[in-house]
Amino acid sequence: MITISSLARSAQPPPPRSGVVRIASIDVEWTKNYRIKNGNRPFCYSVVWLDLPADGPADLADGVPFAYTSVYVDDPGEQDQLVATAADTFRTATEHADLITGHQLCADLGVLANTAPAPSPHLDRARGHWKNRAAADAEKAYLDTRYDAGHLLNGASRRLVDVCTELGLDVTQPELRRVTMPAWHRRWIDEGLTEGRERVSVLNLRHSLSTAYVAARAADLARWPSSGLNVNRALADGARGAFAWLDHPTFSDLLEDPCPSETAGLSPSKAPRPRARPRSSTR
């Protein structure tokens, strides 16, 4: 597997700090296949660690640093290893984060659990925490930005890109101009095209980072100016030198001034499920 991290030990969280609330934001990408049961296949995930002052809210426009780890399969045969690593990431987050978040995290956890070669206690525990997140006696604080940020929103859409845009987060996705995310992934697997893998990794990392920001806002831990916040700029600063794609003119052109997020296609794991065909009365 290919692991890229800002941490010296990618499997470990950042060193503990006093006086902060630590957010762990996790996002998983997978290929979709609804023709067979449990046909979705995870191939990439990332975790972002964001420490915010407990006496906040912090102004994210001040350039609050974050740590991250990005994992991508080098070969489809590494799926089991990816799932095991992701499960261990959820264990680490449970032990070291004060708040765990994701966007439609139940789906990410479900795909990981369904493709695991054996039952995973870490994934089962995380799914239990997610289901119990609204309970007064919840053992661990979970916040799903698809379902738990409605008090901030007026629009009906709960797509991550739409949630972010409504809240003033610029999450323009240049990776998806003219070429879809599944196509970039196939070009990595079939042709070894590094740019394809990097585009998907950056897209996935943007999901984790923007989700962390939305969760921080929903939990009253952070804010940003009403004029907006350029998430791509924060991503470029926080992952500088890690991906050549961040220096590509198509990406760097987005960093000068905040701009409204463009309408863009979703990665397979975030796109809505197609409606089933109605049954024929004649069978």
# chains A, B, ... in the order shown; residues from 1 in each chain; ligands from 1
>>> closest_atom_pairs(of="region 138-223 of chain A", to="region 234-243 of chain A", cutoff="10 Å", atoms="only C-alpha atoms", output="CSV")
residue,atom,partner,partner_atom,distance
A:Thr194,CA,A:Phe243,CA,9.8
A:Glu195,CA,A:Phe243,CA,8.9
A:Arg197,CA,A:Phe243,CA,9.8
A:Glu198,CA,A:Phe243,CA,6.3
A:Arg199,CA,A:Phe243,CA,8.7
A:Ser201,CA,A:Phe243,CA,8.7
A:Val202,CA,A:Phe243,CA,7.9
A:Leu205,CA,A:Leu235,CA,8.1
A:Arg206,CA,A:Leu235,CA,6.9
A:Leu209,CA,A:Leu235,CA,7.7
A:Ser210,CA,A:Leu235,CA,9.4
>>> write_last_selection(atoms="N, CA, C and O atoms", output="mmCIF file, in the first residue's frame")
data_model
loop_
_atom_site.group_PDB
_atom_site.id
_atom_site.type_symbol
_atom_site.label_atom_id
_atom_site.label_comp_id
_atom_site.auth_asym_id
_atom_site.auth_seq_id
_atom_site.Cartn_x
_atom_site.Cartn_y
_atom_site.Cartn_z
ATOM 1 N N THR A 194 0.508 7.779 -11.911
ATOM 2 C CA THR A 194 0.622 8.366 -10.575
ATOM 3 C C THR A 194 -0.297 9.568 -10.405
ATOM 4 O O THR A 194 -0.878 9.763 -9.328
ATOM 5 N N GLU A 195 -0.437 10.376 -11.445
ATOM 6 C CA GLU A 195 -1.287 11.557 -11.318
ATOM 7 C C GLU A 195 -2.721 11.159 -10.980
ATOM 8 O O GLU A 195 -3.401 11.847 -10.210
ATOM 9 N N ARG A 197 -3.731 8.516 -9.225
ATOM 10 C CA ARG A 197 -3.785 8.189 -7.797
ATOM 11 C C ARG A 197 -3.704 9.447 -6.945
ATOM 12 O O ARG A 197 -4.437 9.588 -5.955
ATOM 13 N N GLU A 198 -2.839 10.375 -7.301
ATOM 14 C CA GLU A 198 -2.680 11.580 -6.495
ATOM 15 C C GLU A 198 -3.944 12.444 -6.536
ATOM 16 O O GLU A 198 -4.327 13.032 -5.522
ATOM 17 N N ARG A 199 -4.570 12.523 -7.689
ATOM 18 C CA ARG A 199 -5.808 13.295 -7.768
ATOM 19 C C ARG A 199 -6.859 12.726 -6.822
ATOM 20 O O ARG A 199 -7.545 13.476 -6.108
ATOM 21 N N SER A 201 -6.322 10.804 -4.172
ATOM 22 C CA SER A 201 -5.865 10.960 -2.789
ATOM 23 C C SER A 201 -6.145 12.368 -2.282
ATOM 24 O O SER A 201 -6.597 12.551 -1.145
ATOM 25 N N VAL A 202 -5.880 13.370 -3.110
ATOM 26 C CA VAL A 202 -6.126 14.757 -2.704
ATOM 27 C C VAL A 202 -7.628 15.006 -2.554
ATOM 28 O O VAL A 202 -8.065 15.680 -1.614
ATOM 29 N N LEU A 205 -8.561 13.444 0.689
ATOM 30 C CA LEU A 205 -8.048 14.219 1.810
ATOM 31 C C LEU A 205 -8.848 15.509 1.989
ATOM 32 O O LEU A 205 -9.092 15.943 3.122
ATOM 33 N N ARG A 206 -9.289 16.102 0.884
ATOM 34 C CA ARG A 206 -10.147 17.287 0.989
ATOM 35 C C ARG A 206 -11.455 16.928 1.682
ATOM 36 O O ARG A 206 -11.979 17.721 2.474
ATOM 37 N N LEU A 209 -10.674 16.789 5.408
ATOM 38 C CA LEU A 209 -10.390 18.097 5.999
ATOM 39 C C LEU A 209 -11.648 18.959 6.065
ATOM 40 O O LEU A 209 -11.937 19.566 7.110
ATOM 41 N N SER A 210 -12.403 19.022 4.981
ATOM 42 C CA SER A 210 -13.608 19.855 4.993
ATOM 43 C C SER A 210 -14.639 19.302 5.971
ATOM 44 O O SER A 210 -15.347 20.073 6.637
#
>>> residues_around(residues="Ser157 (chain A)", least_positions_apart="6", cutoff="12 Å", atoms="only C-alpha atoms", output="list of chain:residue names")
A:Arg146, A:Tyr147, A:Ala149, A:Gly150, A:Val163, A:Cys164, A:Thr165, A:Glu166, A:Pro272
>>> closest_residue(among="A:Phe251, A:Gly196, A:Ala183, A:Pro42", to="Gln81 (chain A)", atoms="only C-alpha atoms")
A:Pro42
>>> closest_residue(among="A:Ser208, A:Ser227, A:Thr31, A:Ser46", to="Gln79 (chain A)", atoms="only C-alpha atoms")
A:Thr31
>>> residues_around(residues="Ala134 (chain A)", least_positions_apart="6", cutoff="9 Å", atoms="only C-alpha atoms", output="list in words")
Ala141, Tyr142 and Leu143 of chain A
>>> write_last_selection(atoms="N, CA, C and O atoms", output="PDB file, in the first residue's frame")
ATOM      1  N   ALA A 141     -17.869  10.550  21.562  1.00  0.00           N
ATOM      2  CA  ALA A 141     -18.510  11.616  20.802  1.00  0.00           C
ATOM      3  C   ALA A 141     -18.278  11.399  19.309  1.00  0.00           C
ATOM      4  O   ALA A 141     -17.143  11.458  18.833  1.00  0.00           O
ATOM      5  N   TYR A 142     -19.355  11.141  18.592  1.00  0.00           N
ATOM      6  CA  TYR A 142     -19.340  11.027  17.137  1.00  0.00           C
ATOM      7  C   TYR A 142     -20.238  12.123  16.568  1.00  0.00           C
ATOM      8  O   TYR A 142     -21.296  12.411  17.141  1.00  0.00           O
ATOM      9  N   LEU A 143     -19.836  12.710  15.452  1.00  0.00           N
ATOM     10  CA  LEU A 143     -20.663  13.704  14.778  1.00  0.00           C
ATOM     11  C   LEU A 143     -20.583  13.420  13.275  1.00  0.00           C
ATOM     12  O   LEU A 143     -19.504  13.470  12.685  1.00  0.00           O
TER      13      LEU A 143
END
>>> decode(residues="region 175-203 of chain A", atoms="N, CA and C atoms", output="short mmCIF file (atom, residue, chain, number, x, y, z; two decimals), in the first residue's frame")
data_model
loop_
_atom_site.label_atom_id
_atom_site.label_comp_id
_atom_site.auth_asym_id
_atom_site.auth_seq_id
_atom_site.Cartn_x
_atom_site.Cartn_y
_atom_site.Cartn_z
N GLU A 175 -9.97 18.01 -9.49
CA GLU A 175 -9.63 16.63 -9.89
C GLU A 175 -10.68 16.04 -10.83
N LEU A 176 -11.91 16.56 -10.76
CA LEU A 176 -13.01 15.94 -11.48
C LEU A 176 -13.38 16.69 -12.76
N ARG A 177 -12.55 17.61 -13.18
CA ARG A 177 -12.81 18.29 -14.44
C ARG A 177 -12.50 17.34 -15.61
N ARG A 178 -13.49 17.05 -16.38
CA ARG A 178 -13.38 16.28 -17.63
C ARG A 178 -13.12 14.79 -17.41
N VAL A 179 -12.58 14.39 -16.29
CA VAL A 179 -12.32 12.96 -16.02
C VAL A 179 -12.92 12.61 -14.66
N THR A 180 -13.65 11.52 -14.59
CA THR A 180 -14.29 11.13 -13.34
C THR A 180 -13.30 10.47 -12.40
N MET A 181 -13.69 10.40 -11.13
CA MET A 181 -12.82 9.76 -10.15
C MET A 181 -12.65 8.26 -10.43
N PRO A 182 -13.72 7.52 -10.80
CA PRO A 182 -13.48 6.11 -11.15
C PRO A 182 -12.50 5.94 -12.30
N ALA A 183 -12.55 6.87 -13.26
CA ALA A 183 -11.62 6.77 -14.40
C ALA A 183 -10.19 7.01 -13.95
N TRP A 184 -9.97 7.99 -13.06
CA TRP A 184 -8.62 8.22 -12.54
C TRP A 184 -8.13 6.99 -11.78
N HIS A 185 -9.00 6.39 -10.98
CA HIS A 185 -8.61 5.21 -10.23
C HIS A 185 -8.25 4.06 -11.16
N ARG A 186 -9.05 3.84 -12.20
CA ARG A 186 -8.74 2.77 -13.15
C ARG A 186 -7.40 3.02 -13.85
N ARG A 187 -7.10 4.27 -14.14
CA ARG A 187 -5.83 4.57 -14.81
C ARG A 187 -4.65 4.32 -13.88
N TRP A 188 -4.87 4.45 -12.58
CA TRP A 188 -3.82 4.09 -11.63
C TRP A 188 -3.64 2.58 -11.57
N ILE A 189 -4.74 1.85 -11.46
CA ILE A 189 -4.67 0.39 -11.34
C ILE A 189 -4.19 -0.25 -12.64
N ASP A 190 -4.72 0.22 -13.77
CA ASP A 190 -4.42 -0.43 -15.05
C ASP A 190 -3.12 0.06 -15.68
N GLU A 191 -2.80 1.34 -15.50
CA GLU A 191 -1.66 1.93 -16.19
C GLU A 191 -0.56 2.40 -15.26
N GLY A 192 -0.83 2.42 -13.95
CA GLY A 192 0.17 2.93 -13.02
C GLY A 192 0.35 4.43 -13.12
N LEU A 193 -0.70 5.15 -13.54
CA LEU A 193 -0.61 6.60 -13.71
C LEU A 193 -0.64 7.27 -12.33
N THR A 194 0.51 7.78 -11.91
CA THR A 194 0.62 8.37 -10.57
C THR A 194 -0.30 9.57 -10.41
N GLU A 195 -0.44 10.38 -11.44
CA GLU A 195 -1.29 11.56 -11.32
C GLU A 195 -2.72 11.16 -10.98
N GLY A 196 -3.19 10.04 -11.55
CA GLY A 196 -4.54 9.59 -11.24
C GLY A 196 -4.70 9.27 -9.77
N ARG A 197 -3.73 8.52 -9.22
CA ARG A 197 -3.79 8.19 -7.80
C ARG A 197 -3.70 9.45 -6.95
N GLU A 198 -2.84 10.37 -7.30
CA GLU A 198 -2.68 11.58 -6.49
C GLU A 198 -3.94 12.44 -6.54
N ARG A 199 -4.57 12.52 -7.69
CA ARG A 199 -5.81 13.30 -7.77
C ARG A 199 -6.86 12.73 -6.82
N VAL A 200 -6.99 11.41 -6.82
CA VAL A 200 -7.99 10.78 -5.95
C VAL A 200 -7.60 10.94 -4.48
N SER A 201 -6.32 10.80 -4.17
CA SER A 201 -5.86 10.96 -2.79
C SER A 201 -6.15 12.37 -2.28
N VAL A 202 -5.88 13.37 -3.11
CA VAL A 202 -6.13 14.76 -2.70
C VAL A 202 -7.63 15.01 -2.55
N LEU A 203 -8.42 14.46 -3.47
CA LEU A 203 -9.87 14.58 -3.36
C LEU A 203 -10.34 13.98 -2.04
#
